[in-house]
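S.K.: Dropping in protein24.cif, with mmCIF, C-alpha atoms and all ligand atoms.
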```
data_protein
#
loop_
_atom_site.label_atom_id
_atom_site.label_comp_id
_atom_site.auth_asym_id
_atom_site.auth_seq_id
_atom_site.Cartn_x
_atom_site.Cartn_y
_atom_site.Cartn_z
CA MET A 1172 117.41 27.76 -18.80
CA PRO A 1173 119.89 26.33 -21.37
CA ALA A 1174 120.87 22.70 -20.62
CA ASP A 1175 124.56 23.43 -19.90
CA TYR A 1176 123.79 26.21 -17.52
CA ARG A 1177 121.08 24.09 -15.84
CA ASN A 1178 123.57 21.26 -15.28
CA HIS A 1179 126.08 23.64 -13.82
CA PHE A 1180 123.41 25.24 -11.64
CA PHE A 1181 122.27 21.90 -10.19
CA GLU A 1182 125.81 20.58 -9.73
CA ASN A 1183 126.44 23.62 -7.56
CA ALA A 1184 123.10 23.06 -5.85
CA LEU A 1185 124.13 19.45 -5.13
CA GLU A 1186 127.34 20.63 -3.50
CA SER A 1187 125.63 23.27 -1.39
CA HIS A 1188 122.98 20.70 -0.40
CA ARG A 1189 125.73 18.35 0.81
CA ILE A 1190 127.44 21.08 2.77
CA SER A 1191 124.24 22.32 4.38
CA VAL A 1192 123.30 18.77 5.40
CA MET A 1193 126.82 18.27 6.80
CA ILE A 1194 126.63 21.39 8.93
CA ASN A 1195 123.11 20.47 9.93
CA VAL A 1196 121.22 23.44 8.54
CA LYS A 1197 119.16 21.48 6.01
CA ARG A 1198 117.10 18.32 6.12
CA SER A 1199 117.85 15.49 3.78
CA ILE A 1200 115.82 15.17 0.58
CA TYR A 1201 112.86 12.84 1.09
CA MET A 1202 111.90 10.86 -2.02
CA ASP A 1203 110.04 7.96 -0.41
CA ASN A 1204 106.53 9.38 -0.62
CA ALA A 1205 105.11 6.19 -2.13
CA ALA A 1206 105.89 4.47 1.21
CA THR A 1207 104.40 7.33 3.20
CA THR A 1208 104.29 11.05 2.50
CA PHE A 1209 106.59 13.38 4.40
CA PRO A 1210 106.34 16.03 5.66
CA LYS A 1211 102.69 16.27 6.65
CA PRO A 1212 100.86 19.60 6.48
CA ARG A 1213 101.03 21.51 9.76
CA GLN A 1214 97.21 21.37 10.04
CA VAL A 1215 97.40 17.57 10.32
CA ILE A 1216 99.74 17.74 13.29
CA GLU A 1217 97.67 20.49 14.90
CA ALA A 1218 94.41 18.55 14.48
CA MET A 1219 95.96 15.53 16.20
CA VAL A 1220 97.43 17.58 19.04
CA ARG A 1221 94.10 19.32 19.51
CA PHE A 1222 92.27 15.98 19.61
CA MET A 1223 94.70 14.69 22.25
CA GLU A 1224 94.68 17.86 24.34
CA GLU A 1225 91.09 19.02 24.09
CA VAL A 1226 88.82 16.23 22.87
CA GLY A 1227 90.30 12.86 23.75
CA ALA A 1228 87.04 10.96 24.27
CA ASN A 1229 85.69 7.89 22.51
CA PRO A 1230 83.11 8.92 19.87
CA GLY A 1231 79.65 7.43 19.84
CA ARG A 1232 80.14 5.53 23.12
CA SER A 1233 78.96 8.16 25.61
CA ARG A 1234 76.63 11.12 25.68
CA HIS A 1235 78.94 13.81 27.02
CA ASP A 1236 80.28 16.82 25.11
CA GLN A 1237 83.76 15.46 24.50
CA SER A 1238 82.38 12.22 23.09
CA GLU A 1239 80.03 14.13 20.85
CA GLU A 1240 82.79 16.38 19.63
CA ALA A 1241 84.94 13.34 18.85
CA ALA A 1242 82.01 11.84 16.92
CA ALA A 1243 81.62 15.09 14.98
CA ILE A 1244 85.31 15.01 14.01
CA VAL A 1245 85.05 11.41 12.76
CA ASP A 1246 81.84 12.23 10.91
CA ARG A 1247 83.42 15.27 9.30
CA THR A 1248 86.35 13.21 8.03
CA ARG A 1249 83.87 10.76 6.48
CA HIS A 1250 82.09 13.63 4.72
CA LEU A 1251 85.36 15.11 3.43
CA LEU A 1252 86.35 11.71 2.00
CA ALA A 1253 82.92 11.37 0.38
CA ASP A 1254 83.46 14.79 -1.27
CA LEU A 1255 86.89 13.79 -2.49
CA PHE A 1256 85.78 10.52 -4.12
CA ASN A 1257 82.24 11.60 -5.07
CA ILE A 1258 80.72 8.94 -2.82
CA PRO A 1259 76.96 9.44 -2.58
CA ASP A 1260 76.53 8.28 1.04
CA PRO A 1261 79.41 8.98 3.50
CA ARG A 1262 78.16 6.17 5.76
CA ARG A 1263 79.37 3.68 3.13
CA ILE A 1264 82.96 4.68 4.03
CA VAL A 1265 84.54 2.76 6.89
CA PHE A 1266 87.79 3.60 8.63
CA THR A 1267 90.55 1.01 8.71
CA LEU A 1268 94.19 1.02 9.78
CA ASN A 1269 95.59 1.09 6.25
CA ALA A 1270 94.99 -0.01 2.66
CA THR A 1271 96.07 -3.55 3.55
CA GLU A 1272 93.22 -3.91 6.03
CA SER A 1273 90.75 -2.45 3.52
CA LEU A 1274 91.86 -4.86 0.78
CA ASN A 1275 91.74 -7.85 3.15
CA THR A 1276 88.27 -6.82 4.30
CA VAL A 1277 86.95 -7.10 0.76
CA ILE A 1278 88.90 -10.19 -0.28
CA PHE A 1279 87.88 -12.19 2.81
CA GLY A 1280 84.45 -10.58 3.09
CA VAL A 1281 83.22 -11.05 -0.46
CA LEU A 1282 84.75 -14.22 -1.87
CA ASN A 1283 83.09 -17.59 -1.30
CA ARG A 1284 84.05 -21.20 -1.96
CA GLY A 1285 84.15 -21.90 -5.69
CA ASP A 1286 84.65 -18.28 -6.71
CA HIS A 1287 87.15 -17.04 -9.26
CA VAL A 1288 89.08 -13.80 -8.72
CA ILE A 1289 91.16 -11.79 -11.18
CA ILE A 1290 94.09 -9.63 -10.13
CA THR A 1291 96.71 -7.84 -12.25
CA GLN A 1292 100.44 -8.31 -12.36
CA MET A 1293 100.93 -4.88 -10.80
CA GLU A 1294 99.23 -5.80 -7.52
CA HIS A 1295 100.83 -5.24 -4.15
CA ASN A 1296 101.40 -8.14 -1.73
CA SER A 1297 98.43 -6.86 0.25
CA VAL A 1298 96.33 -8.27 -2.61
CA ILE A 1299 98.56 -11.12 -3.82
CA ARG A 1300 98.99 -12.74 -0.41
CA PRO A 1301 95.32 -12.83 0.68
CA VAL A 1302 94.09 -14.20 -2.67
CA ARG A 1303 96.89 -16.78 -2.84
CA HIS A 1304 96.04 -17.77 0.73
CA LEU A 1305 92.44 -18.44 -0.27
CA GLU A 1306 93.63 -20.29 -3.36
CA ARG A 1307 95.99 -22.52 -1.33
CA ALA A 1308 93.11 -23.29 1.03
CA GLY A 1309 91.15 -24.56 -1.99
CA ILE A 1310 88.51 -21.84 -1.65
CA VAL A 1311 89.01 -19.73 -4.79
CA THR A 1312 90.83 -19.86 -8.10
CA VAL A 1313 92.98 -16.92 -9.17
CA SER A 1314 93.89 -15.50 -12.59
CA VAL A 1315 96.58 -12.88 -13.03
CA ALA A 1316 96.16 -10.40 -15.90
CA SER A 1317 99.62 -9.75 -17.28
CA CYS A 1318 101.05 -6.28 -17.80
CA ASP A 1319 103.61 -5.08 -20.33
CA ARG A 1320 107.11 -3.78 -19.63
CA MET A 1321 105.74 -0.34 -18.89
CA GLY A 1322 103.36 -1.76 -16.31
CA ARG A 1323 100.23 -1.35 -18.44
CA CYS A 1324 97.42 -3.83 -18.19
CA ASP A 1325 95.43 -4.48 -21.39
CA PRO A 1326 91.74 -4.07 -20.46
CA GLN A 1327 90.58 -6.43 -23.23
CA ALA A 1328 93.00 -9.16 -22.16
CA LEU A 1329 91.84 -8.71 -18.57
CA GLY A 1330 88.21 -8.88 -19.69
CA SER A 1331 88.86 -12.14 -21.53
CA LEU A 1332 89.77 -13.78 -18.20
CA ILE A 1333 86.23 -13.32 -16.87
CA ARG A 1334 84.45 -16.62 -16.18
CA GLU A 1335 80.94 -17.41 -15.10
CA ASN A 1336 82.09 -17.71 -11.47
CA THR A 1337 84.28 -14.57 -11.41
CA ALA A 1338 83.21 -12.81 -8.23
CA LEU A 1339 85.80 -10.05 -8.01
CA VAL A 1340 88.34 -8.14 -10.10
CA VAL A 1341 91.09 -6.38 -8.14
CA VAL A 1342 93.03 -3.62 -9.88
CA ASN A 1343 95.89 -1.51 -8.64
CA HIS A 1344 95.04 2.03 -9.75
CA ALA A 1345 98.69 3.12 -9.96
CA SER A 1346 101.76 0.98 -9.52
CA ASN A 1347 103.90 1.65 -6.47
CA VAL A 1348 106.87 0.32 -8.47
CA CYS A 1349 106.81 2.40 -11.65
CA GLY A 1350 103.81 4.70 -11.24
CA THR A 1351 101.75 3.39 -14.18
CA ILE A 1352 98.09 4.41 -13.94
CA GLN A 1353 95.61 1.84 -15.27
CA ASP A 1354 92.70 2.85 -17.47
CA ILE A 1355 89.90 2.06 -15.04
CA ALA A 1356 87.07 3.21 -17.30
CA ALA A 1357 88.28 0.79 -20.01
CA ILE A 1358 88.70 -2.01 -17.47
CA ARG A 1359 85.18 -1.39 -16.18
CA ALA A 1360 83.86 -1.56 -19.74
CA ALA A 1361 85.78 -4.80 -20.37
CA ILE A 1362 84.57 -6.63 -17.24
CA GLY A 1363 80.88 -5.74 -17.52
CA ASP A 1364 79.17 -5.76 -14.12
CA THR A 1365 81.68 -8.00 -12.31
CA PRO A 1366 82.42 -6.40 -8.93
CA LEU A 1367 85.53 -4.19 -9.06
CA LEU A 1368 87.84 -3.51 -6.12
CA LEU A 1369 90.18 -0.59 -6.81
CA ASP A 1370 93.40 -0.35 -4.83
CA ALA A 1371 93.86 3.41 -4.65
CA ALA A 1372 96.80 3.32 -2.21
CA GLN A 1373 98.96 5.35 -4.61
CA THR A 1374 96.27 7.53 -6.19
CA ALA A 1375 93.95 8.76 -3.44
CA GLY A 1376 94.63 12.50 -3.20
CA ALA A 1377 97.12 12.43 -6.10
CA VAL A 1378 94.78 11.65 -9.02
CA PRO A 1379 91.09 12.59 -9.30
CA ILE A 1380 88.87 9.61 -8.37
CA ASP A 1381 85.14 9.60 -8.94
CA VAL A 1382 83.78 6.22 -7.85
CA GLN A 1383 80.47 6.77 -9.62
CA ALA A 1384 81.98 7.82 -12.95
CA LEU A 1385 84.53 4.99 -12.84
CA GLY A 1386 82.05 2.33 -11.73
CA VAL A 1387 84.10 1.34 -8.68
CA ASP A 1388 82.27 -1.02 -6.29
CA TYR A 1389 84.91 -1.18 -3.57
CA LEU A 1390 87.55 1.54 -3.06
CA ALA A 1391 90.48 0.73 -0.77
CA PHE A 1392 92.66 3.66 0.22
CA THR A 1393 95.25 4.53 2.77
CA GLY A 1394 95.42 7.70 4.84
CA HIS A 1395 99.17 8.22 5.12
CA LYS A 1396 100.19 8.70 1.51
CA GLY A 1397 98.48 11.17 -0.88
CA LEU A 1398 95.86 12.10 1.71
CA TYR A 1399 98.66 13.42 3.97
CA GLY A 1400 97.18 11.86 7.11
CA PRO A 1401 99.10 9.93 9.76
CA GLN A 1402 100.15 6.29 9.58
CA GLY A 1403 97.57 3.91 11.00
CA THR A 1404 94.72 5.42 9.01
CA GLY A 1405 92.94 4.17 5.92
CA GLY A 1406 89.49 3.47 4.62
CA LEU A 1407 87.18 1.46 2.46
CA TYR A 1408 84.14 2.45 0.42
CA VAL A 1409 81.57 -0.25 -0.26
CA ARG A 1410 78.91 0.49 -2.83
CA GLU A 1411 75.29 0.17 -1.73
CA GLY A 1412 73.88 -3.26 -2.58
CA PHE A 1413 77.26 -5.03 -2.47
CA PRO A 1414 77.16 -7.53 0.39
CA ILE A 1415 80.24 -7.98 2.56
CA ARG A 1416 81.08 -9.93 5.74
CA PRO A 1417 83.11 -8.14 8.44
CA LEU A 1418 86.69 -9.18 9.08
CA LYS A 1419 86.14 -8.69 12.81
CA ARG A 1420 83.10 -8.39 15.03
CA GLY A 1421 82.66 -6.57 18.34
CA GLY A 1422 81.58 -3.39 20.06
CA THR A 1423 80.25 -0.59 17.92
CA GLY A 1424 78.58 1.55 20.58
CA THR A 1425 75.25 0.80 18.89
CA LEU A 1426 72.59 -1.93 19.31
CA SER A 1427 74.47 -3.19 22.37
CA HIS A 1428 71.61 -5.51 23.42
CA LEU A 1429 72.22 -7.68 20.33
CA ASP A 1430 74.77 -10.48 20.28
CA GLU A 1431 75.25 -10.18 16.54
CA GLN A 1432 77.06 -7.56 14.50
CA PRO A 1433 74.84 -4.64 13.38
CA GLY A 1434 74.16 -4.88 9.65
CA ASP A 1435 74.23 -1.14 8.94
CA PHE A 1436 77.17 0.87 7.64
CA PRO A 1437 79.58 1.93 8.97
CA ASP A 1438 79.03 -0.22 12.10
CA LEU A 1439 79.09 -3.51 10.18
CA LEU A 1440 82.79 -3.01 9.40
CA GLU A 1441 83.89 -0.76 12.28
CA SER A 1442 84.24 -2.70 15.52
CA GLY A 1443 86.28 -1.54 18.49
CA THR A 1444 87.76 1.85 19.24
CA ARG A 1445 89.17 3.31 16.06
CA ASN A 1446 92.34 5.36 15.63
CA ASN A 1447 90.30 8.48 16.34
CA VAL A 1448 93.27 10.77 16.84
CA GLY A 1449 94.54 9.53 13.49
CA ILE A 1450 91.14 10.12 11.91
CA ALA A 1451 91.25 13.71 13.21
CA GLY A 1452 94.61 14.10 11.44
CA LEU A 1453 93.30 12.37 8.32
CA GLY A 1454 90.39 14.82 8.20
CA ALA A 1455 92.85 17.71 8.22
CA GLY A 1456 94.90 15.97 5.51
CA VAL A 1457 91.86 15.48 3.26
CA GLU A 1458 90.85 19.08 3.87
CA PHE A 1459 94.36 20.15 2.83
CA VAL A 1460 94.01 18.09 -0.38
CA LEU A 1461 90.55 19.52 -1.13
CA ARG A 1462 91.65 23.10 -0.46
CA THR A 1463 94.84 22.74 -2.50
CA GLY A 1464 92.88 20.95 -5.22
CA VAL A 1465 93.72 17.47 -6.54
CA GLU A 1466 94.25 19.04 -9.98
CA ASN A 1467 96.87 21.43 -8.56
CA ILE A 1468 98.62 18.66 -6.65
CA ARG A 1469 98.63 16.58 -9.82
CA ARG A 1470 99.97 19.50 -11.90
CA HIS A 1471 102.85 20.12 -9.49
CA GLU A 1472 103.74 16.43 -9.27
CA MET A 1473 103.63 16.07 -13.06
CA GLU A 1474 105.95 19.05 -13.40
CA LEU A 1475 108.41 17.46 -10.99
CA LEU A 1476 108.25 14.12 -12.80
CA THR A 1477 108.71 15.75 -16.21
CA ALA A 1478 111.89 17.45 -14.99
CA PHE A 1479 113.11 14.23 -13.37
CA VAL A 1480 112.60 12.12 -16.50
CA ARG A 1481 114.11 14.77 -18.79
CA GLY A 1482 117.16 15.02 -16.57
CA LEU A 1483 117.81 11.28 -16.52
CA VAL A 1484 116.52 9.90 -19.77
CA ASN A 1485 119.81 10.05 -21.65
CA VAL A 1486 122.20 9.16 -18.87
CA PRO A 1487 124.37 6.25 -20.00
CA GLY A 1488 124.01 3.20 -17.83
CA LEU A 1489 120.82 4.29 -16.16
CA THR A 1490 117.59 2.50 -17.01
CA LEU A 1491 114.27 4.14 -16.21
CA TYR A 1492 111.05 2.15 -15.85
CA GLY A 1493 107.42 2.91 -16.50
CA PRO A 1494 105.62 4.89 -19.20
CA LEU A 1495 107.89 7.94 -18.58
CA LYS A 1496 104.92 10.06 -19.55
CA PRO A 1497 103.79 12.07 -16.54
CA GLU A 1498 100.16 12.15 -17.69
CA LEU A 1499 100.11 8.32 -17.56
CA GLN A 1500 101.67 7.87 -14.15
CA VAL A 1501 101.98 9.08 -10.59
CA PRO A 1502 105.32 10.68 -9.64
CA ILE A 1503 107.25 7.48 -9.04
CA LEU A 1504 110.47 6.84 -10.93
CA SER A 1505 112.16 3.46 -10.61
CA VAL A 1506 115.69 3.13 -11.95
CA THR A 1507 118.48 0.58 -12.16
CA PHE A 1508 122.15 1.22 -12.75
CA ASP A 1509 122.85 -1.70 -14.93
CA GLN A 1510 122.73 -0.93 -18.59
CA ALA A 1511 124.60 1.08 -21.11
CA LEU A 1512 122.33 0.76 -24.06
CA PRO A 1513 123.95 1.22 -27.46
CA ASP A 1514 123.19 4.60 -29.03
CA GLY A 1515 119.78 4.64 -30.58
CA LEU A 1516 118.54 2.06 -28.11
CA ARG A 1517 118.74 4.37 -25.15
CA PRO A 1518 115.58 4.78 -23.14
CA THR A 1519 113.50 7.50 -24.67
CA ILE A 1520 110.83 9.74 -23.30
CA GLY A 1521 108.42 7.09 -24.59
CA GLY A 1522 109.58 4.70 -21.91
CA CYS A 1523 111.87 1.72 -22.09
CA GLY A 1524 110.53 -0.82 -19.66
CA GLY A 1525 113.98 -2.25 -18.99
CA ARG A 1526 115.16 -3.94 -22.15
CA ALA A 1527 117.26 -7.05 -21.59
CA ILE A 1528 120.30 -5.89 -23.52
CA PRO A 1529 123.65 -7.32 -22.37
CA ALA A 1530 125.27 -4.78 -20.10
CA THR A 1531 128.59 -3.34 -21.13
CA PHE A 1532 129.08 -1.87 -17.69
CA GLU A 1533 129.41 -3.59 -14.33
CA SER A 1534 126.18 -2.69 -12.67
CA VAL A 1535 125.72 -0.91 -9.37
CA HIS A 1536 123.35 -3.07 -7.32
CA PRO A 1537 120.18 -1.21 -6.24
CA GLU A 1538 121.10 -1.70 -2.55
CA GLU A 1539 124.51 -0.17 -3.13
CA ALA A 1540 123.06 2.70 -5.16
CA ALA A 1541 120.51 3.50 -2.45
CA LYS A 1542 123.26 3.42 0.15
CA LEU A 1543 125.35 5.86 -1.90
CA LEU A 1544 122.35 8.15 -2.31
CA ARG A 1545 121.77 8.09 1.42
CA ASP A 1546 125.36 8.24 2.69
CA GLU A 1547 126.81 10.66 0.18
CA TYR A 1548 123.86 12.78 -0.86
CA GLU A 1549 121.31 12.47 1.97
CA ILE A 1550 118.57 11.47 -0.43
CA SER A 1551 116.03 8.99 0.95
CA VAL A 1552 114.72 6.48 -1.58
CA ARG A 1553 113.43 2.93 -1.37
CA VAL A 1554 115.13 -0.08 -2.83
CA GLY A 1555 114.13 -3.66 -3.69
CA LEU A 1556 110.84 -5.21 -4.77
CA HIS A 1557 108.54 -2.74 -2.99
CA CYS A 1558 106.14 -5.58 -1.95
CA ALA A 1559 105.14 -6.12 -5.60
CA PRO A 1560 107.14 -9.08 -6.95
CA LEU A 1561 104.90 -9.77 -9.96
CA ALA A 1562 105.29 -6.18 -11.15
CA HIS A 1563 109.06 -6.66 -11.29
CA GLN A 1564 108.56 -9.77 -13.39
CA ALA A 1565 106.60 -7.62 -15.84
CA LEU A 1566 109.30 -4.91 -15.89
CA GLY A 1567 112.22 -7.36 -16.03
CA THR A 1568 113.68 -6.24 -12.69
CA PHE A 1569 113.05 -9.39 -10.64
CA PRO A 1570 114.64 -10.39 -8.23
CA ASP A 1571 116.97 -7.46 -7.47
CA GLY A 1572 114.29 -4.82 -7.86
CA THR A 1573 114.83 -1.13 -8.44
CA VAL A 1574 115.83 2.09 -6.76
CA ARG A 1575 112.55 3.94 -6.39
CA CYS A 1576 112.39 7.72 -6.15
CA SER A 1577 108.85 8.74 -5.26
CA LEU A 1578 107.85 12.37 -5.14
CA GLY A 1579 105.13 14.20 -3.29
CA TYR A 1580 103.50 17.59 -3.18
CA PHE A 1581 106.22 19.00 -0.90
CA ASN A 1582 109.13 18.11 -3.17
CA THR A 1583 110.59 20.98 -5.19
CA LEU A 1584 112.19 21.37 -8.61
CA GLU A 1585 115.43 22.20 -6.86
CA GLU A 1586 115.37 18.87 -5.01
CA VAL A 1587 114.68 17.07 -8.28
CA GLY A 1588 117.64 18.85 -9.89
CA ILE A 1589 119.88 17.78 -7.00
CA ALA A 1590 118.64 14.19 -7.22
CA ILE A 1591 119.35 14.12 -10.96
CA GLN A 1592 122.97 15.11 -10.35
CA ALA A 1593 123.32 12.58 -7.53
CA LEU A 1594 121.89 9.73 -9.62
CA LYS A 1595 124.22 10.66 -12.48
CA ARG A 1596 127.19 10.50 -10.16
CA VAL A 1597 126.13 7.07 -8.88
CA ALA A 1598 125.80 5.92 -12.50
CA GLN A 1599 129.34 7.19 -13.16
CA LYS A 1600 130.65 4.83 -10.48
CA MET A 1601 130.06 1.90 -12.80
CA ASP A 1602 133.18 0.23 -14.16
CA PHE A 1603 133.42 -0.22 -17.88
CA VAL A 1604 133.87 -3.86 -18.88
CA GLU A 1605 135.77 -4.62 -22.11
C1 LIG B 1701 99.60 -0.23 -4.39
C2 LIG B 1701 99.62 -0.43 -2.91
N1 LIG B 1701 98.66 -1.18 -2.33
C3 LIG B 1701 98.63 -1.37 -1.01
C4 LIG B 1701 99.57 -0.81 -0.18
C5 LIG B 1701 99.49 -1.03 1.28
O1 LIG B 1701 99.27 0.17 1.93
P1 LIG B 1701 99.31 0.25 3.53
O2 LIG B 1701 100.75 0.14 3.91
O3 LIG B 1701 98.73 1.56 3.87
O4 LIG B 1701 98.53 -0.89 4.03
C6 LIG B 1701 100.59 -0.03 -0.74
C7 LIG B 1701 101.64 0.55 0.12
O5 LIG B 1701 102.71 0.88 -0.29
C8 LIG B 1701 100.60 0.17 -2.13
O6 LIG B 1701 101.54 0.92 -2.71
#
```
Show me this structure written as structure tokens.
Ligand SMILES: Cc1ncc(COP(=O)(O)O)c(C=O)c1O
M.R.:
Amino acid sequence: MPADYRNHFFENALESHRISVMINVKRSIYMDNAATTFPKPRQVIEAMVRFMEEVGANPGRSRHDQSEEAAAIVDRTRHLLADLFNIPDPRRIVFTLNATESLNTVIFGVLNRGDHVIITQMEHNSVIRPVRHLERAGIVTVSVASCDRMGRCDPQALGSLIRENTALVVVNHASNVCGTIQDIAAIRAAIGDTPLLLDAAQTAGAVPIDVQALGVDYLAFTGHKGLYGPQGTGGLYVREGFPIRPLKRGGTGTLSHLDEQPGDFPDLLESGTRNNVGIAGLGAGVEFVLRTGVENIRRHEMELLTAFVRGLVNVPGLTLYGPLKPELQVPILSVTFDQALPDGLRPTIGGCGGRAIPATFESVHPEEAAKLLRDEYEISVRVGLHCAPLAHQALGTFPDGTVRCSLGYFNTLEEVGIAIQALKRVAQKMDFVE
């Protein structure tokens, strides 16, 4: 479609979207999939309803049919996850409540007094806070591998931080701020055999992950984002031969005569009644991802991101963050409304990483922009630091943060076209300053 016609088409689409939302015939446009994906596939809802209505029992605790069926559902979810991540033994996957719990389980369960840990500047607070807590308590020392203005971490620079007492390297697979995917194979090569914890909160289900090929020792993932499961689900893979202490101890339904925690997986790290209804939903979500194909999900999301970046890259006063190359990122686009770069210095498809050029426009604060998007255009985005303050220091967007539009498999090109027009209109609200 020629550019002029496309603009006209989506301006009309924006208007009809607003009218249909006003008269209540259309849902708002959801672009907050990095926080949690929405909607969920129908199968996920059905699996949870079925568990509640027909199964309901606690798996592994009793020997009746319902308990055994519940155990089979949990077991099946474990196997589906093992397929997805090419994990050789499904029992090495434990269920948690979310990625935060998985990350904490490794950080508190692996590190010992005197250890050194390396994290990257793109980490989420669910990594930063636990390691800083251990550092403040005088237990570990922490190094932070810096990232550039596009959110990329240099594997060699990270590797040069390794010390004799480095016990763990924690790497965010893809940034929840600007989508940047790190080169895990290169990082693995640079850190030798130092244990590697990969935070796959933003990549599980959205980007192919093969723990064996990548040399990942601990994989922390969440169930409610790219795996399309419900909130309150997540998991952790621990490679065979990598010792770990449990975060909590208690009933496992096994070896009940012992007063110590069973040492076998998954019981070592799975005490108490799990979110079994959630795990039933997660199983259906992973099955949806496997059936759709991670490659197909990735292709669709890259197509959406390509259209989004193309539509916004030359808008005066709008700064886009990240590589702006869909093959190097997940479909997250962070923007600020604060710069009118002189011609020739405009952000390009190669990415701009937020240059600090004096603004010639009064900016629209991210909070105000997000409010306009919500109130006037019914587009749901997230605003602020997105729990990753160090990442904003790398991008140059600290402390105000960004407006983050994050896409998922259920977003459409039409929605992207509407969002482009809406973001342009917000950018036009800026006042020119002489
Ligand atoms: C990179 C990253 N790590 C960890 C988390 C925490 O995930 P959860 O909320 O499932 O604990 C998130 C959530 O946004 C994230 O984006």
S.K.: Measuring between all atoms listed in the file, which one of A:Asn1275, A:Ser1442, A:Ser1297, A:Ser1577 shows the shortest distance to ligand LIG 1701 (chain B)?
M.R.: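 Nearest candidate to ligand LIG 1701 (chain B) out of A:Asn1275, A:Ser1442, A:Ser1297, A:Ser1577: A:Ser1297.
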S.K.: Give as a PDB file with C-alpha atoms, keeping the file's coordinate frame the residues surrounding ligand LIG 1701 (chain B) up to a distance of 7 Å, considering all atoms listed in the file.
M.R.:
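Wrote it out as selection-v1.pdb, contents follow:
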```
ATOM      1  CA  ALA A1205     105.110   6.190  -2.130  1.00  0.00           C
ATOM      2  CA  ALA A1206     105.890   4.470   1.210  1.00  0.00           C
ATOM      3  CA  ASN A1269      95.590   1.090   6.250  1.00  0.00           C
ATOM      4  CA  ALA A1270      94.990  -0.010   2.660  1.00  0.00           C
ATOM      5  CA  THR A1271      96.070  -3.550   3.550  1.00  0.00           C
ATOM      6  CA  GLU A1272      93.220  -3.910   6.030  1.00  0.00           C
ATOM      7  CA  GLU A1294      99.230  -5.800  -7.520  1.00  0.00           C
ATOM      8  CA  HIS A1295     100.830  -5.240  -4.150  1.00  0.00           C
ATOM      9  CA  SER A1297      98.430  -6.860   0.250  1.00  0.00           C
ATOM     10  CA  ASN A1343      95.890  -1.510  -8.640  1.00  0.00           C
ATOM     11  CA  ALA A1345      98.690   3.120  -9.960  1.00  0.00           C
ATOM     12  CA  SER A1346     101.760   0.980  -9.520  1.00  0.00           C
ATOM     13  CA  ASN A1347     103.900   1.650  -6.470  1.00  0.00           C
ATOM     14  CA  ASP A1370      93.400  -0.350  -4.830  1.00  0.00           C
ATOM     15  CA  ALA A1371      93.860   3.410  -4.650  1.00  0.00           C
ATOM     16  CA  ALA A1372      96.800   3.320  -2.210  1.00  0.00           C
ATOM     17  CA  GLN A1373      98.960   5.350  -4.610  1.00  0.00           C
ATOM     18  CA  THR A1393      95.250   4.530   2.770  1.00  0.00           C
ATOM     19  CA  HIS A1395      99.170   8.220   5.120  1.00  0.00           C
ATOM     20  CA  GLY A1405      92.940   4.170   5.920  1.00  0.00           C
TER      21      GLY A1405
END
```
S.K.: Go ahead and compute the interatomic distance for atom CA of Gln1402 of chain A and atom CA of Val1552 of chain A, in Å to one decimal.
M.R.: 18.4 Å
S.K.: With segment 1261-1265 of chain A as the partner and 6 Å as the cut-off, tabulate the residues of segment 1393-1418 of chain A that qualify, each row holding the nearest pair of atoms and their distance in Å to one decimal, using only C-alpha atoms, sorted by chain and rising number, as JSON lines.
M.R.:
```
{"residue": "A:Gly1406", "atom": "CA", "partner": "A:Val1265", "partner_atom": "CA", "distance": 5.5}
{"residue": "A:Leu1407", "atom": "CA", "partner": "A:Val1265", "partner_atom": "CA", "distance": 5.3}
{"residue": "A:Tyr1408", "atom": "CA", "partner": "A:Ile1264", "partner_atom": "CA", "distance": 4.4}
{"residue": "A:Val1409", "atom": "CA", "partner": "A:Arg1263", "partner_atom": "CA", "distance": 5.6}
```
S.K.: Keeping C-alpha atoms, export the residues of the selection given above as a PDB file, keeping the file's coordinate frame.
M.R.:
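So out32.pdb came out as:
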```pdb
ATOM      1  CA  GLY A1406      89.490   3.470   4.620  1.00  0.00           C
ATOM      2  CA  LEU A1407      87.180   1.460   2.460  1.00  0.00           C
ATOM      3  CA  TYR A1408      84.140   2.450   0.420  1.00  0.00           C
ATOM      4  CA  VAL A1409      81.570  -0.250  -0.260  1.00  0.00           C
TER       5      VAL A1409
END
```
S.K.: My list of candidates is A:Ala1593, A:Leu1255, A:Ile1415, A:Leu1489. Which is closest to Phe1392 of chain A when distances are computed with only C-alpha atoms?
M.R.: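 Smallest separation from Phe1392 of chain A among the options: A:Leu1255.
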S.K.: How many Å lie between atom CA of Gly1403 of chain A and atom CA of Ser1505 of chain A, rounded to one decimal?
M.R.: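 Taking atom CA of Gly1403 of chain A and atom CA of Ser1505 of chain A, their separation equals 26.1 Å.
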S.K.: List every protein, DNA or RNA residue with an atom no more than 9 Å from (104.6, 4.2, -11.5) in the file's coordinates, counting only C-alpha atoms, and format the result as a list in words.
M.R.: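 Protein and nucleic acid residues near the point are Met1321, Gly1322, Ala1345, Ser1346, Asn1347, Val1348, Cys1349, Gly1350, Thr1351, Ile1352, Gln1373, Tyr1492, Gly1493, Pro1494, Leu1495, Leu1499, Gln1500, Val1501, Pro1502, Ile1503, Leu1504, Ser1505 and Ser1577 of chain A.
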S.K.: So, counting only C-alpha atoms, which residue among A:Phe1569, A:Phe1266, A:Phe1581, A:Phe1459 is closest to Leu1440 of chain A?
M.R.: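 Closest to Leu1440 of chain A, using only C-alpha atoms: A:Phe1266.
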